[in-house]
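A.B. asks: Before I ask anything, let me first share the structure, which is written out below as structure tokens.
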Amino acid sequence: MTLLLAQLILSGLVLGAIYALIALGYVIIYKATSVVNFAQGEAVMVGAYIGLSVYSFMHLPVPLVFAITMAVAALLGVIIERVAYRRLVGAPVISLIIATLAVGLILRNVVRLIFGPNVYPFPPLIANRPLRFAGLVTTPQNLLILGVSVTCMVLLFLYFRLTKWGKAMRAVSQNGTAAVLMGISVRKVFSMIWALSAALGALAGVLLAPLLVVNPDMGWIALKAFVVAILGGFQSLPGAVLGGFALGILENLAGFYIGSAVKDIVAYVVLIAILIARPTGLFAERTGKRV
């Protein structure tokens, strides 16, 4: 029983790592702009298509696939910020949210025009033979997902803590007016934030694609990452990571012990429970009101 539980937890951590990456994309934009980017799911989908094109058609090494996918997605994030967000600065938040929904629909339909409505299998990024250790069974693909995700999260936290632009992003998220007075270019910071969010979503799309199939509607998984962001407090980066792993494990346990049909509704049951019991999230940060 203990071994079975450990196996379920291990599988849940792999899924949770993908949830956490997508949720981080939600959180970093919301912290700085108070906007929920509902096009984050389309960033995941676009990343999967970019990765498929680079990996299957150009046959480049996996590290280059990750790098190119994130770079192209980051550029797309900058374009979206400048075209669909910057021109709406000062507009009601609901207008900005509607703009992100519109961007998501545009991206989805552009992908349909280019690739068609068909589904595409994504070849394994690494040899997928089973691995066994201490009685547990996993695959190199799962270990790659977990390793790349955790490494990316660690690098992201170090970036925010140690680099000039990371500190600038933190300053803008805490008080935009004070950041301007300190000489920080808020416009550049916003562009970088949207670029970083899109890159995280695209990386999650490449990691997720071999487990599913690539199609224009695969961005639905971002709805579960949205739940993760709420679970973590929506302004807490550590909360997004912990919430992602927690939801991945919970889904696996519920799917095994209760039924596979329950697995897909667990996230939304958790969402309702959190909104009722603790609307600010389990790991909410205390923040002052931005002027």
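To be explicit about the labels: the chains of the structure tokens are called A, B, and onward in the order shown, and within each one the residues are counted from 1, while ligands get numbers from 1 in the order they are shown.
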Which residues come within 9 Å of Phe115 of chain A, counting only C-alpha atoms, excluding same-chain residues fewer than 2 positions away, as a VMD selection string?

C.D. replies: chain A and resid 49 110 to 113 117 to 118 215 to 216

A.B. asks: Using only N, CA and C atoms, please write the residues we just selected to a file, as a PDB file, in the first residue's frame.

C.D. replies:
ATOM      1  N   TYR A  49       2.995  23.555 -30.698  1.00  0.00           N
ATOM      2  CA  TYR A  49       3.133  23.568 -32.158  1.00  0.00           C
ATOM      3  C   TYR A  49       4.534  24.010 -32.579  1.00  0.00           C
ATOM      4  N   VAL A 110      -5.741  31.215 -35.659  1.00  0.00           N
ATOM      5  CA  VAL A 110      -4.589  31.325 -36.557  1.00  0.00           C
ATOM      6  C   VAL A 110      -3.894  29.975 -36.677  1.00  0.00           C
ATOM      7  N   VAL A 111      -3.746  29.273 -35.550  1.00  0.00           N
ATOM      8  CA  VAL A 111      -3.135  27.940 -35.580  1.00  0.00           C
ATOM      9  C   VAL A 111      -3.987  26.985 -36.412  1.00  0.00           C
ATOM     10  N   ARG A 112      -5.300  27.085 -36.289  1.00  0.00           N
ATOM     11  CA  ARG A 112      -6.179  26.235 -37.113  1.00  0.00           C
ATOM     12  C   ARG A 112      -5.985  26.517 -38.594  1.00  0.00           C
ATOM     13  N   LEU A 113      -5.821  27.793 -38.942  1.00  0.00           N
ATOM     14  CA  LEU A 113      -5.613  28.149 -40.345  1.00  0.00           C
ATOM     15  C   LEU A 113      -4.304  27.580 -40.880  1.00  0.00           C
ATOM     16  N   PRO A 117      -7.387  21.528 -38.363  1.00  0.00           N
ATOM     17  CA  PRO A 117      -7.973  21.051 -37.097  1.00  0.00           C
ATOM     18  C   PRO A 117      -7.453  19.680 -36.660  1.00  0.00           C
ATOM     19  N   ASN A 118      -6.567  19.081 -37.433  1.00  0.00           N
ATOM     20  CA  ASN A 118      -6.094  17.729 -37.144  1.00  0.00           C
ATOM     21  C   ASN A 118      -5.251  17.690 -35.871  1.00  0.00           C
ATOM     22  N   ASN A 215      -2.994  19.718 -30.600  1.00  0.00           N
ATOM     23  CA  ASN A 215      -4.197  20.166 -31.308  1.00  0.00           C
ATOM     24  C   ASN A 215      -4.539  21.575 -30.851  1.00  0.00           C
ATOM     25  N   PRO A 216      -5.355  22.309 -31.609  1.00  0.00           N
ATOM     26  CA  PRO A 216      -5.627  23.712 -31.279  1.00  0.00           C
ATOM     27  C   PRO A 216      -6.351  23.919 -29.953  1.00  0.00           C
TER      28      PRO A 216
END

A.B. asks: Residues at most 9 Å from segment 69-76 of chain A, counting only C-alpha atoms, excluding those fewer than 2 positions away in the same chain, as a list in words?

C.D. replies: Ala43, Val46, Gly47, Ala48, Tyr49, Ile50, Gly51, Val54, Leu64, Val65, Phe66, Ala67, Val78, Ile79, Ile80, Glu81, Met192, Trp194, Ala195, Leu196, Ser197, Ala198, Ala199, Leu200, Gly201, Ala202, Leu203 and Val206 of chain A

A.B. asks: Those selected residues, please, written with N, CA and C atoms and delivered as a tab-separated table (two decimals), in the first residue's frame.

C.D. replies:
chain	number	residue	atom	x	y	z
A	43	ALA	N	-0.85	30.10	-25.08
A	43	ALA	CA	0.62	30.08	-25.06
A	43	ALA	C	1.13	28.65	-24.95
A	46	VAL	N	0.47	27.09	-28.47
A	46	VAL	CA	1.42	27.59	-29.46
A	46	VAL	C	2.80	26.99	-29.21
A	47	GLY	N	3.18	26.88	-27.95
A	47	GLY	CA	4.47	26.27	-27.63
A	47	GLY	C	4.56	24.84	-28.12
A	48	ALA	N	3.47	24.10	-27.98
A	48	ALA	CA	3.46	22.71	-28.45
A	48	ALA	C	3.64	22.65	-29.97
A	49	TYR	N	3.00	23.56	-30.70
A	49	TYR	CA	3.13	23.57	-32.16
A	49	TYR	C	4.53	24.01	-32.58
A	50	ILE	N	5.08	25.00	-31.88
A	50	ILE	CA	6.45	25.42	-32.21
A	50	ILE	C	7.42	24.27	-31.96
A	51	GLY	N	7.27	23.62	-30.80
A	51	GLY	CA	8.15	22.50	-30.47
A	51	GLY	C	8.02	21.36	-31.46
A	54	VAL	N	9.85	22.37	-34.70
A	54	VAL	CA	11.31	22.37	-34.55
A	54	VAL	C	11.84	20.96	-34.38
A	64	LEU	N	17.91	22.47	-27.75
A	64	LEU	CA	17.63	23.53	-28.72
A	64	LEU	C	16.14	23.69	-28.95
A	65	VAL	N	15.40	22.60	-28.90
A	65	VAL	CA	13.94	22.67	-29.04
A	65	VAL	C	13.36	23.53	-27.93
A	66	PHE	N	13.80	23.28	-26.70
A	66	PHE	CA	13.32	24.09	-25.57
A	66	PHE	C	13.69	25.57	-25.77
A	67	ALA	N	14.95	25.82	-26.12
A	67	ALA	CA	15.44	27.19	-26.24
A	67	ALA	C	14.71	27.95	-27.35
A	78	VAL	N	5.88	39.55	-26.20
A	78	VAL	CA	6.19	40.98	-26.33
A	78	VAL	C	5.24	41.64	-27.32
A	79	ILE	N	4.98	40.97	-28.44
A	79	ILE	CA	4.07	41.53	-29.45
A	79	ILE	C	2.66	41.69	-28.88
A	80	ILE	N	2.20	40.68	-28.15
A	80	ILE	CA	0.87	40.75	-27.54
A	80	ILE	C	0.79	41.90	-26.55
A	81	GLU	N	1.83	42.07	-25.74
A	81	GLU	CA	1.83	43.15	-24.75
A	81	GLU	C	1.75	44.51	-25.44
A	192	MET	N	8.84	42.46	-20.64
A	192	MET	CA	9.59	41.30	-20.17
A	192	MET	C	8.71	40.33	-19.41
A	194	TRP	N	5.43	39.82	-19.84
A	194	TRP	CA	4.60	39.08	-20.79
A	194	TRP	C	5.43	38.08	-21.59
A	195	ALA	N	6.67	38.45	-21.91
A	195	ALA	CA	7.56	37.53	-22.61
A	195	ALA	C	7.86	36.32	-21.75
A	196	LEU	N	8.15	36.55	-20.48
A	196	LEU	CA	8.49	35.46	-19.57
A	196	LEU	C	7.29	34.54	-19.36
A	197	SER	N	6.10	35.13	-19.22
A	197	SER	CA	4.89	34.33	-19.03
A	197	SER	C	4.63	33.45	-20.24
A	198	ALA	N	4.77	34.01	-21.45
A	198	ALA	CA	4.55	33.23	-22.67
A	198	ALA	C	5.59	32.12	-22.79
A	199	ALA	N	6.84	32.41	-22.43
A	199	ALA	CA	7.89	31.40	-22.51
A	199	ALA	C	7.62	30.24	-21.56
A	200	LEU	N	7.15	30.53	-20.35
A	200	LEU	CA	6.83	29.48	-19.40
A	200	LEU	C	5.68	28.60	-19.92
A	201	GLY	N	4.65	29.26	-20.47
A	201	GLY	CA	3.54	28.50	-21.02
A	201	GLY	C	3.99	27.62	-22.19
A	202	ALA	N	4.85	28.16	-23.05
A	202	ALA	CA	5.32	27.40	-24.21
A	202	ALA	C	6.16	26.20	-23.77
A	203	LEU	N	7.01	26.39	-22.77
A	203	LEU	CA	7.80	25.28	-22.24
A	203	LEU	C	6.90	24.18	-21.70
A	206	VAL	N	5.51	22.15	-24.62
A	206	VAL	CA	6.44	21.17	-25.19
A	206	VAL	C	6.56	19.94	-24.28

A.B. asks: Tell me which of A:Gly239, A:Pro130, A:Gly41, A:Gly219 sits closest to Thr100 of chain A, counting only C-alpha atoms.

C.D. replies: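 For Thr100 of chain A, the nearest of the given residues is A:Gly41.
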
A.B. asks: Between A:Leu60, A:Ala254, A:Val27, A:Gly116, single out the one closest to Leu237 of chain A, counting only C-alpha atoms.

C.D. replies: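 Of A:Leu60, A:Ala254, A:Val27, A:Gly116, the one nearest Leu237 of chain A, counting only C-alpha atoms, is A:Val27.
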
A.B. asks: For a quick check of understanding, using only C-alpha atoms, which of A:Leu146, A:Ala225, A:Ile184, A:Ala179 has the smallest distance to Asn37 of chain A?

C.D. replies: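 Result for the nearest residue to Asn37 of chain A: A:Ala225.
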
A.B. asks: Calculated over only C-alpha atoms, which of the candidates A:Cys152, A:Asn142, A:Ile193, A:Asp217 has the smallest distance to Trp165 of chain A?

C.D. replies: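 Smallest distance to Trp165 of chain A is found for A:Ile193.
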